[in-house]
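**Q** Pasting a structure here, questions to come.
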Amino acid sequence: NRTPFGEITEEKIKNALAKNEQIILFLNKKGSASAILCRDCGFVEKCENCGMALAVEKGMLRCIKCGIQKMPPDICPVCKNTRIKFLGTGTEKIESWIRKILPETPLIRIDRDTIKNGKELDEACRTFRNGWAKILIGTSLIRPDLLRQTQLVVALLPDITLNYPDLRSSENTLRQLTLLKSMVKEKGEMIIQTYMKEHAVYENFLKENWMEWYNAERKKRNLQENLRKNLQEKINI
């Protein structure tokens, strides 16, 4: 799929519009690639020393903890396919895709590029609240009351946050999704658009199995911290 929307997501968006319902497409970050990912199996390149997802910097992969660098692979080392892509998109690109798919649908965008002050945010929120726009594409600037009035909320590529090179990336992703879900209206629907549907964060989120996630995350962080300390000791020697 060359767009960030799977077939099911695209169909649900079109069905909601056919029923004259509103839709929010939520993206946690405004844009830029943070890691690389295989679109066939969900493989993400990680640091062999500490397990942290490698960040994309000037066309290279780099561990922000250990400092090692390597070239991005052309072929996935797991499934051997070539659909290795930079994991990242922005609200502007999402808007462009939506206008190609649904050229007649009125939409607005709320992010740091389109909103410069509180007055502009008030006006944008009023536009959506009053029903003029059917699709809202936005980041964390979106106000909670807009989520509560919307029938369909799509969390677009939380994989970006999940694979951000940060020890708390899993925690931040789970917190974001939980907060988003808590604000969706009672009879509304929330969709997670991901390339990594079998990831433990998504599985535990859907099952609301918080303790299982917590125990696994604690072990992972302890392991990563021990690996980092061992590497630092080798460097000091």
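Labeling convention for the structure tokens: chains A, B, ... as they appear, residues from 1 per chain, ligands from 1 in order of appearance.
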Going by DSSP on the backbone, which residues of segment 55-190 of chain A come out as strand (DSSP E)? List them as a VMD selection string.
**A** chain A and resid 55 to 57 60 to 62 69 to 70 84 to 87 107 to 110 135 to 138 152 to 156 189 to 190
**Q** List the spatial neighbours of Cys63 of chain A as a PyMOL selection string - criterion: any atom at most 6 Å away, only C-alpha atoms, same-chain residues fewer than 4 positions off excluded.
**A** chain A and resi 54+67-68
**Q** Could you pull out the helix (DSSP H, G or I) residues of segment 74-176 of chain A from DSSP and send them as a PyMOL selection string?
**A** chain A and resi 91-101+118-129+144-148+159-162+169-176
**Q** Go ahead and save the picked residues with C-alpha atoms, as a PDB file, in the first residue's frame.
**A**
```
ATOM      1  CA  THR A  91       0.112  15.806   8.367  1.00  0.00           C
ATOM      2  CA  GLU A  92       0.772  17.657   5.105  1.00  0.00           C
ATOM      3  CA  LYS A  93       1.389  14.386   3.264  1.00  0.00           C
ATOM      4  CA  ILE A  94      -1.714  12.849   4.853  1.00  0.00           C
ATOM      5  CA  GLU A  95      -3.725  15.835   3.633  1.00  0.00           C
ATOM      6  CA  SER A  96      -2.340  15.382   0.122  1.00  0.00           C
ATOM      7  CA  TRP A  97      -3.323  11.700   0.073  1.00  0.00           C
ATOM      8  CA  ILE A  98      -6.829  12.430   1.348  1.00  0.00           C
ATOM      9  CA  ARG A  99      -7.355  15.083  -1.332  1.00  0.00           C
ATOM     10  CA  LYS A 100      -6.385  12.524  -3.988  1.00  0.00           C
ATOM     11  CA  ILE A 101      -8.680   9.824  -2.589  1.00  0.00           C
ATOM     12  CA  GLY A 118      -4.816  30.380  20.139  1.00  0.00           C
ATOM     13  CA  LYS A 119      -7.181  32.406  17.986  1.00  0.00           C
ATOM     14  CA  GLU A 120      -6.392  30.321  14.893  1.00  0.00           C
ATOM     15  CA  LEU A 121      -6.832  27.130  16.928  1.00  0.00           C
ATOM     16  CA  ASP A 122     -10.221  28.336  18.178  1.00  0.00           C
ATOM     17  CA  GLU A 123     -11.335  29.074  14.624  1.00  0.00           C
ATOM     18  CA  ALA A 124     -10.147  25.709  13.281  1.00  0.00           C
ATOM     19  CA  CYS A 125     -11.865  23.814  16.092  1.00  0.00           C
ATOM     20  CA  ARG A 126     -15.065  25.809  15.547  1.00  0.00           C
ATOM     21  CA  THR A 127     -14.998  24.929  11.846  1.00  0.00           C
ATOM     22  CA  PHE A 128     -14.909  21.221  12.640  1.00  0.00           C
ATOM     23  CA  ARG A 129     -17.272  21.447  15.598  1.00  0.00           C
ATOM     24  CA  PRO A 144     -10.581  16.642  23.454  1.00  0.00           C
ATOM     25  CA  ASP A 145     -14.144  17.837  22.810  1.00  0.00           C
ATOM     26  CA  LEU A 146     -13.621  17.312  19.069  1.00  0.00           C
ATOM     27  CA  LEU A 147     -12.691  13.677  19.677  1.00  0.00           C
ATOM     28  CA  ARG A 148     -15.785  13.197  21.819  1.00  0.00           C
ATOM     29  CA  ASP A 159       4.618   2.896  14.872  1.00  0.00           C
ATOM     30  CA  ILE A 160       6.547   6.158  14.498  1.00  0.00           C
ATOM     31  CA  THR A 161       6.362   6.874  18.238  1.00  0.00           C
ATOM     32  CA  LEU A 162       6.787   3.191  19.088  1.00  0.00           C
ATOM     33  CA  SER A 169       8.922   4.762  23.382  1.00  0.00           C
ATOM     34  CA  SER A 170       6.641   1.826  24.235  1.00  0.00           C
ATOM     35  CA  GLU A 171       5.331   3.595  27.320  1.00  0.00           C
ATOM     36  CA  ASN A 172       4.703   6.817  25.395  1.00  0.00           C
ATOM     37  CA  THR A 173       2.854   4.970  22.627  1.00  0.00           C
ATOM     38  CA  LEU A 174       0.654   3.055  25.061  1.00  0.00           C
ATOM     39  CA  ARG A 175      -0.125   6.234  26.998  1.00  0.00           C
ATOM     40  CA  GLN A 176      -1.017   8.082  23.811  1.00  0.00           C
TER      41      GLN A 176
END
```
**Q** List the neighbours of Gln149 of chain A out to 12 Å using only C-alpha atoms; skip same-chain residues closer than 2 positions along the sequence, and give me the result as a list in words.
**A**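 After dropping sequence-adjacent residues, the list is Glu21, Gln22, Ile23, Ile24, Cys125, Phe128, Arg129, Asn130, Gly131, Lys134, Arg143, Pro144, Asp145, Leu146, Leu147, Gln151, Leu152, Val153, Met183, Val184, Lys185, Glu186, Lys187, Gly188 and Glu189 of chain A.
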**Q** Which distance in Å separates atom CA of Glu10 of chain A and atom CA of Ile135 of chain A, to one decimal?
**A**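 So the answer is 12.7 Å.
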**Q** Could you state the separation of atom CA of Ile115 of chain A and atom CA of Ile13 of chain A in Å, given to one decimal place?
**A**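 Computing it gives 24.8 Å between the two atoms.
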**Q** For a quick check of understanding, using only C-alpha atoms, which of A:Leu107, A:Leu102, A:Leu141, A:Ser182 has the smallest distance to Glu11 of chain A?
**A** A:Leu102
**Q** Of the candidates A:Leu61, A:Val56, A:Ala155, A:Leu167, which shows the shortest atom-to-atom distance to Tyr202 of chain A, using only C-alpha atoms?
**A**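 With only C-alpha atoms as the atom set, the closest residue is A:Ala155.
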